[in-house]
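> Structure incoming, see below.
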Amino acid sequence: MNYKEHKSEPFWWGMFSQGGVIAALLIPIHIFLGGIAVHLGLIDAELMSHERLTDLLQNPLVKLYLCVLLIFPLYHAAHRIRFTLAEIGLHSLAKILPVLCYGGALLGTAVVLYILWILL
Amino acid sequence: MMLDSETTKTYTRPISKAWWLRDRGHFNRRYFMFLLRELTSVFVALYVVLFIYEIFLLTKGPDAHTAFRESMSAGPWIAFHIIALLFALYHSYTWLGLTTKMQAAGRGLVKIGTKTLPPILIALGSYGAWIVATCVIAYLFLTL
């Protein structure tokens with residue numbers, strides 16, 4: 001390997017780790033509630049209605065929570081996808097993969113902040 | 001005879017392209033599970049992007065959001081969420097088990113004074129935190 005580490009590398013590893021913890025603790029229950037339980041009739045459909053959700057989002061603490069929930073796991077995924085793609089054979093893209101993956105996470109961050117704090 | 005650094009080379013074993021499926025003619029379960037673990041992040045990312053799209057639709061008014069919710073109740077989307085949930089659970093299981101593994105491997109990461117805590121306590125702490133977080137979020141979501 002003649003891959004030279006960029007000086008930003010510790011930052012991405014740190015975000016990977018943070019995102020890993022947040023995804024591990026919080027993502028499964030969200031998938032279950034909003035993606036499965038509500039459609040199988042296990043919980044009231046009103047809980048995911050436009051009125052109810054916009055109401056919840058009036059609370060700045062809920063916005064802050066969604067920032068944490070949605071932003072950190074993006075960096076976690078970007079980091080893993082970057083290395084996994086190289087490991088399954090895309091070694092030739094080793095230079096461009098970090099740009100694409102972390103760039104995607106940065107773009108996602110901007111989109112989340114824009115929706116939550118400007119549009120909503 | 002002196003070995004010249006120009007002529008010595010480190011041997012690197014050739015690796016098949018699909019090493020996670022077949023390595024030297026055999027299926028290697030460890031390699032396969034490693035790839036599955038890495039793949040969990042793809043499902044986490046897909047779910048997060050879908051979630052971001054939903055909050056974007058909230059800004060577009062009730063009709064757009066209700067239509068989105070209705071489309072999510074279709075079979076293929078429920079199937080997607082069930083698969084994503086399985087991958088997310090596998091991520092939680094592997095990620096939260098890491099500290100316990102290192103503790104058990106004799107690294108002794110967590111100590112009180114000079115005493116190294118038994119791995120089972122680390123496991124209780126990590127998986128306990130997961131259960132607590134899950135219950136708190138479910139409770140707030142159902143009652144707020």
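Chain lettering (A, B, ...) mirrors the order of the structure tokens, residue numbering begins at 1 for each chain separately, and ligand numbering begins at 1 in order of display.
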Fewer than 6 positions away in the same chain doesn't count, so skip those; otherwise give me all residues within 12 Å of region 96-102 of chain A, counting only C-alpha atoms, as number ranges by chain.
A: 5-6, 8-9, 11-13, 15-16, 71-87, 90, 108-109; B: 42, 45
> Got time to write the residues from that selection, C-alpha atoms, as a short mmCIF file (atom, residue, chain, number, x, y, z; two decimals), in the first residue's frame?

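Okay, this is what ended up in result32.cif:
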```cif
data_model
loop_
_atom_site.label_atom_id
_atom_site.label_comp_id
_atom_site.auth_asym_id
_atom_site.auth_seq_id
_atom_site.Cartn_x
_atom_site.Cartn_y
_atom_site.Cartn_z
CA GLU A 5 -2.94 9.44 4.79
CA HIS A 6 -4.49 12.83 4.48
CA SER A 8 -8.08 15.09 7.82
CA GLU A 9 -8.13 11.30 8.36
CA PHE A 11 -11.61 13.64 11.79
CA TRP A 12 -13.35 11.13 9.49
CA TRP A 13 -12.49 8.24 11.80
CA MET A 15 -17.14 10.95 12.86
CA PHE A 16 -17.34 7.28 11.80
CA ILE A 71 -26.22 13.73 10.40
CA PHE A 72 -23.78 11.51 12.33
CA PRO A 73 -24.84 8.18 10.80
CA LEU A 74 -24.22 9.70 7.33
CA TYR A 75 -20.51 10.01 8.20
CA HIS A 76 -20.52 6.52 9.66
CA ALA A 77 -21.92 5.10 6.43
CA ALA A 78 -19.69 7.25 4.19
CA HIS A 79 -16.59 5.93 5.95
CA ARG A 80 -17.60 2.27 5.80
CA ILE A 81 -18.78 2.46 2.19
CA ARG A 82 -15.52 4.15 1.20
CA PHE A 83 -13.34 1.35 2.57
CA THR A 84 -15.67 -1.49 1.60
CA LEU A 85 -15.83 -0.42 -2.04
CA ALA A 86 -12.02 -0.35 -2.15
CA GLU A 87 -11.86 -3.78 -0.49
CA LEU A 90 -12.35 -0.74 -6.57
CA GLY A 108 -26.41 15.56 3.46
CA THR A 109 -25.45 17.64 6.50
CA VAL B 42 -25.59 0.96 3.23
CA ALA B 45 -27.60 5.39 4.81
#
```
> Would you pick out the contacts of Ala74 (chain B) at 12 Å or less, using only C-alpha atoms, so that residues sharing its chain but fewer than 4 positions from it are not included, and give the list as JSON, numbers by chain?
{"A": [35, 36, 39, 40], "B": [67, 68, 69, 70, 78, 79, 80, 81]}
> Show me, as a PDB file with N, CA and C atoms, in the first residue's frame, the residues of chain B whose atoms get within 8 Å of chain A, using only C-alpha atoms for the distance check.

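Output file selection-v2.pdb is given in full below:
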```pdb
ATOM      1  N   LYS B  17     -11.112 -11.864  -6.563  1.00  0.00           N
ATOM      2  CA  LYS B  17     -11.941 -10.659  -6.616  1.00  0.00           C
ATOM      3  C   LYS B  17     -13.111 -10.748  -5.657  1.00  0.00           C
ATOM      4  N   ALA B  18     -13.721 -11.943  -5.572  1.00  0.00           N
ATOM      5  CA  ALA B  18     -14.862 -12.131  -4.683  1.00  0.00           C
ATOM      6  C   ALA B  18     -14.408 -12.864  -3.420  1.00  0.00           C
ATOM      7  N   TRP B  19     -13.382 -12.334  -2.756  1.00  0.00           N
ATOM      8  CA  TRP B  19     -12.790 -13.001  -1.580  1.00  0.00           C
ATOM      9  C   TRP B  19     -13.812 -13.231  -0.474  1.00  0.00           C
ATOM     10  N   LEU B  35     -18.224  -8.792   5.493  1.00  0.00           N
ATOM     11  CA  LEU B  35     -18.833  -7.977   4.441  1.00  0.00           C
ATOM     12  C   LEU B  35     -20.272  -7.609   4.782  1.00  0.00           C
ATOM     13  N   GLU B  38     -20.183  -4.722   7.100  1.00  0.00           N
ATOM     14  CA  GLU B  38     -19.907  -3.470   6.402  1.00  0.00           C
ATOM     15  C   GLU B  38     -21.141  -3.014   5.617  1.00  0.00           C
ATOM     16  N   LEU B  39     -21.885  -3.990   5.085  1.00  0.00           N
ATOM     17  CA  LEU B  39     -23.075  -3.684   4.286  1.00  0.00           C
ATOM     18  C   LEU B  39     -24.185  -3.036   5.117  1.00  0.00           C
ATOM     19  N   SER B  41     -24.058  -0.537   6.813  1.00  0.00           N
ATOM     20  CA  SER B  41     -23.992   0.919   6.682  1.00  0.00           C
ATOM     21  C   SER B  41     -24.755   1.417   5.459  1.00  0.00           C
ATOM     22  N   VAL B  42     -24.840   0.567   4.426  1.00  0.00           N
ATOM     23  CA  VAL B  42     -25.593   0.963   3.227  1.00  0.00           C
ATOM     24  C   VAL B  42     -27.077   1.125   3.590  1.00  0.00           C
ATOM     25  N   VAL B  44     -28.304   1.668   6.626  1.00  0.00           N
ATOM     26  CA  VAL B  44     -28.428   2.826   7.516  1.00  0.00           C
ATOM     27  C   VAL B  44     -28.511   4.098   6.666  1.00  0.00           C
ATOM     28  N   ALA B  45     -27.623   4.201   5.661  1.00  0.00           N
ATOM     29  CA  ALA B  45     -27.597   5.394   4.808  1.00  0.00           C
ATOM     30  C   ALA B  45     -28.903   5.532   4.019  1.00  0.00           C
ATOM     31  N   TYR B  47     -31.867   4.397   4.766  1.00  0.00           N
ATOM     32  CA  TYR B  47     -32.945   4.776   5.659  1.00  0.00           C
ATOM     33  C   TYR B  47     -32.861   6.250   6.037  1.00  0.00           C
ATOM     34  N   VAL B  48     -31.652   6.721   6.321  1.00  0.00           N
ATOM     35  CA  VAL B  48     -31.470   8.130   6.700  1.00  0.00           C
ATOM     36  C   VAL B  48     -31.880   9.047   5.545  1.00  0.00           C
ATOM     37  N   PHE B  51     -35.572   9.196   5.365  1.00  0.00           N
ATOM     38  CA  PHE B  51     -36.051  10.011   6.488  1.00  0.00           C
ATOM     39  C   PHE B  51     -35.905  11.508   6.154  1.00  0.00           C
ATOM     40  N   ILE B  52     -34.740  11.875   5.586  1.00  0.00           N
ATOM     41  CA  ILE B  52     -34.505  13.278   5.205  1.00  0.00           C
ATOM     42  C   ILE B  52     -35.530  13.703   4.154  1.00  0.00           C
ATOM     43  N   ILE B  55     -38.851  14.482   5.874  1.00  0.00           N
ATOM     44  CA  ILE B  55     -38.962  15.793   6.537  1.00  0.00           C
ATOM     45  C   ILE B  55     -38.972  16.931   5.503  1.00  0.00           C
ATOM     46  N   PHE B  56     -38.334  16.672   4.348  1.00  0.00           N
ATOM     47  CA  PHE B  56     -38.436  17.673   3.275  1.00  0.00           C
ATOM     48  C   PHE B  56     -39.888  17.787   2.805  1.00  0.00           C
ATOM     49  N   LEU B  58     -42.504  17.259   4.473  1.00  0.00           N
ATOM     50  CA  LEU B  58     -43.313  17.941   5.501  1.00  0.00           C
ATOM     51  C   LEU B  58     -43.426  19.434   5.185  1.00  0.00           C
ATOM     52  N   THR B  59     -42.353  19.975   4.570  1.00  0.00           N
ATOM     53  CA  THR B  59     -42.361  21.406   4.241  1.00  0.00           C
ATOM     54  C   THR B  59     -43.230  21.681   3.014  1.00  0.00           C
ATOM     55  N   GLY B  61     -46.256  20.534   2.555  1.00  0.00           N
ATOM     56  CA  GLY B  61     -47.677  20.511   2.873  1.00  0.00           C
ATOM     57  C   GLY B  61     -48.238  19.117   3.109  1.00  0.00           C
ATOM     58  N   PRO B  62     -49.466  19.053   3.674  1.00  0.00           N
ATOM     59  CA  PRO B  62     -50.074  17.775   4.064  1.00  0.00           C
ATOM     60  C   PRO B  62     -50.261  16.798   2.905  1.00  0.00           C
ATOM     61  N   HIS B  65     -47.033  14.985   1.849  1.00  0.00           N
ATOM     62  CA  HIS B  65     -46.581  14.064   2.891  1.00  0.00           C
ATOM     63  C   HIS B  65     -47.501  12.849   3.029  1.00  0.00           C
ATOM     64  N   THR B  66     -48.811  13.090   2.939  1.00  0.00           N
ATOM     65  CA  THR B  66     -49.762  11.973   3.057  1.00  0.00           C
ATOM     66  C   THR B  66     -49.561  10.983   1.908  1.00  0.00           C
ATOM     67  N   MET B  72     -45.449   4.415   1.271  1.00  0.00           N
ATOM     68  CA  MET B  72     -44.618   3.626   2.186  1.00  0.00           C
ATOM     69  C   MET B  72     -45.353   2.404   2.739  1.00  0.00           C
ATOM     70  N   SER B  73     -46.698   2.419   2.657  1.00  0.00           N
ATOM     71  CA  SER B  73     -47.453   1.292   3.201  1.00  0.00           C
ATOM     72  C   SER B  73     -47.566   0.137   2.206  1.00  0.00           C
ATOM     73  N   ILE B  78     -42.547  -1.952   2.856  1.00  0.00           N
ATOM     74  CA  ILE B  78     -42.508  -2.593   4.182  1.00  0.00           C
ATOM     75  C   ILE B  78     -41.389  -3.631   4.205  1.00  0.00           C
ATOM     76  N   HIS B  81     -38.135  -1.973   4.728  1.00  0.00           N
ATOM     77  CA  HIS B  81     -37.920  -1.572   6.120  1.00  0.00           C
ATOM     78  C   HIS B  81     -37.579  -2.765   7.019  1.00  0.00           C
ATOM     79  N   ILE B  82     -38.183  -3.926   6.710  1.00  0.00           N
ATOM     80  CA  ILE B  82     -37.875  -5.111   7.519  1.00  0.00           C
ATOM     81  C   ILE B  82     -36.420  -5.534   7.295  1.00  0.00           C
ATOM     82  N   ALA B  84     -33.989  -3.546   6.223  1.00  0.00           N
ATOM     83  CA  ALA B  84     -33.155  -2.493   6.809  1.00  0.00           C
ATOM     84  C   ALA B  84     -33.079  -2.656   8.326  1.00  0.00           C
ATOM     85  N   LEU B  85     -34.200  -3.055   8.934  1.00  0.00           N
ATOM     86  CA  LEU B  85     -34.207  -3.254  10.391  1.00  0.00           C
ATOM     87  C   LEU B  85     -33.264  -4.397  10.782  1.00  0.00           C
ATOM     88  N   ALA B  88     -29.814  -3.101  10.529  1.00  0.00           N
ATOM     89  CA  ALA B  88     -29.560  -2.132  11.598  1.00  0.00           C
ATOM     90  C   ALA B  88     -29.337  -2.854  12.928  1.00  0.00           C
ATOM     91  N   LEU B  89     -30.124  -3.908  13.153  1.00  0.00           N
ATOM     92  CA  LEU B  89     -29.950  -4.676  14.392  1.00  0.00           C
ATOM     93  C   LEU B  89     -28.587  -5.364  14.403  1.00  0.00           C
ATOM     94  N   HIS B  91     -25.936  -4.263  12.928  1.00  0.00           N
ATOM     95  CA  HIS B  91     -24.962  -3.209  13.220  1.00  0.00           C
ATOM     96  C   HIS B  91     -24.906  -2.940  14.726  1.00  0.00           C
ATOM     97  N   SER B  92     -26.067  -2.803  15.360  1.00  0.00           N
ATOM     98  CA  SER B  92     -26.107  -2.527  16.800  1.00  0.00           C
ATOM     99  C   SER B  92     -25.408  -3.650  17.561  1.00  0.00           C
ATOM    100  N   TYR B  93     -25.733  -4.888  17.173  1.00  0.00           N
ATOM    101  CA  TYR B  93     -25.165  -6.046  17.863  1.00  0.00           C
ATOM    102  C   TYR B  93     -23.637  -6.066  17.749  1.00  0.00           C
ATOM    103  N   TRP B  95     -21.570  -3.514  16.762  1.00  0.00           N
ATOM    104  CA  TRP B  95     -20.925  -2.278  17.229  1.00  0.00           C
ATOM    105  C   TRP B  95     -20.885  -2.221  18.758  1.00  0.00           C
ATOM    106  N   LEU B  96     -22.017  -2.527  19.379  1.00  0.00           N
ATOM    107  CA  LEU B  96     -22.083  -2.422  20.831  1.00  0.00           C
ATOM    108  C   LEU B  96     -21.339  -3.568  21.518  1.00  0.00           C
ATOM    109  N   ALA B 129     -27.617   0.181  27.560  1.00  0.00           N
ATOM    110  CA  ALA B 129     -27.796   1.545  27.046  1.00  0.00           C
ATOM    111  C   ALA B 129     -28.693   1.514  25.805  1.00  0.00           C
ATOM    112  N   TRP B 130     -28.523   0.476  24.989  1.00  0.00           N
ATOM    113  CA  TRP B 130     -29.320   0.326  23.764  1.00  0.00           C
ATOM    114  C   TRP B 130     -30.795   0.127  24.122  1.00  0.00           C
ATOM    115  N   ALA B 133     -32.196   3.454  25.507  1.00  0.00           N
ATOM    116  CA  ALA B 133     -32.398   4.443  24.442  1.00  0.00           C
ATOM    117  C   ALA B 133     -33.635   4.088  23.616  1.00  0.00           C
ATOM    118  N   THR B 134     -33.773   2.786  23.291  1.00  0.00           N
ATOM    119  CA  THR B 134     -34.914   2.331  22.493  1.00  0.00           C
ATOM    120  C   THR B 134     -36.239   2.609  23.211  1.00  0.00           C
ATOM    121  N   ILE B 137     -36.991   6.508  23.359  1.00  0.00           N
ATOM    122  CA  ILE B 137     -37.448   7.050  22.079  1.00  0.00           C
ATOM    123  C   ILE B 137     -38.882   6.586  21.782  1.00  0.00           C
ATOM    124  N   ALA B 138     -39.145   5.296  22.004  1.00  0.00           N
ATOM    125  CA  ALA B 138     -40.488   4.775  21.748  1.00  0.00           C
ATOM    126  C   ALA B 138     -41.504   5.479  22.646  1.00  0.00           C
ATOM    127  N   PHE B 141     -41.980   9.077  21.442  1.00  0.00           N
ATOM    128  CA  PHE B 141     -42.693   9.105  20.174  1.00  0.00           C
ATOM    129  C   PHE B 141     -44.183   8.822  20.357  1.00  0.00           C
ATOM    130  N   LEU B 142     -44.499   7.909  21.261  1.00  0.00           N
ATOM    131  CA  LEU B 142     -45.896   7.530  21.446  1.00  0.00           C
ATOM    132  C   LEU B 142     -46.675   8.499  22.331  1.00  0.00           C
ATOM    133  N   LEU B 144     -45.506  12.086  23.285  1.00  0.00           N
ATOM    134  CA  LEU B 144     -45.278  13.536  23.210  1.00  0.00           C
ATOM    135  C   LEU B 144     -46.460  14.291  22.594  1.00  0.00           C
TER     136      LEU B 144
END
```
> Just list as an MDAnalysis selection string whatever in chain A DSSP marks as helix (DSSP H, G or I).
chainID A and resid 9:37 45:48 50:56 60:87 91:93 96:119
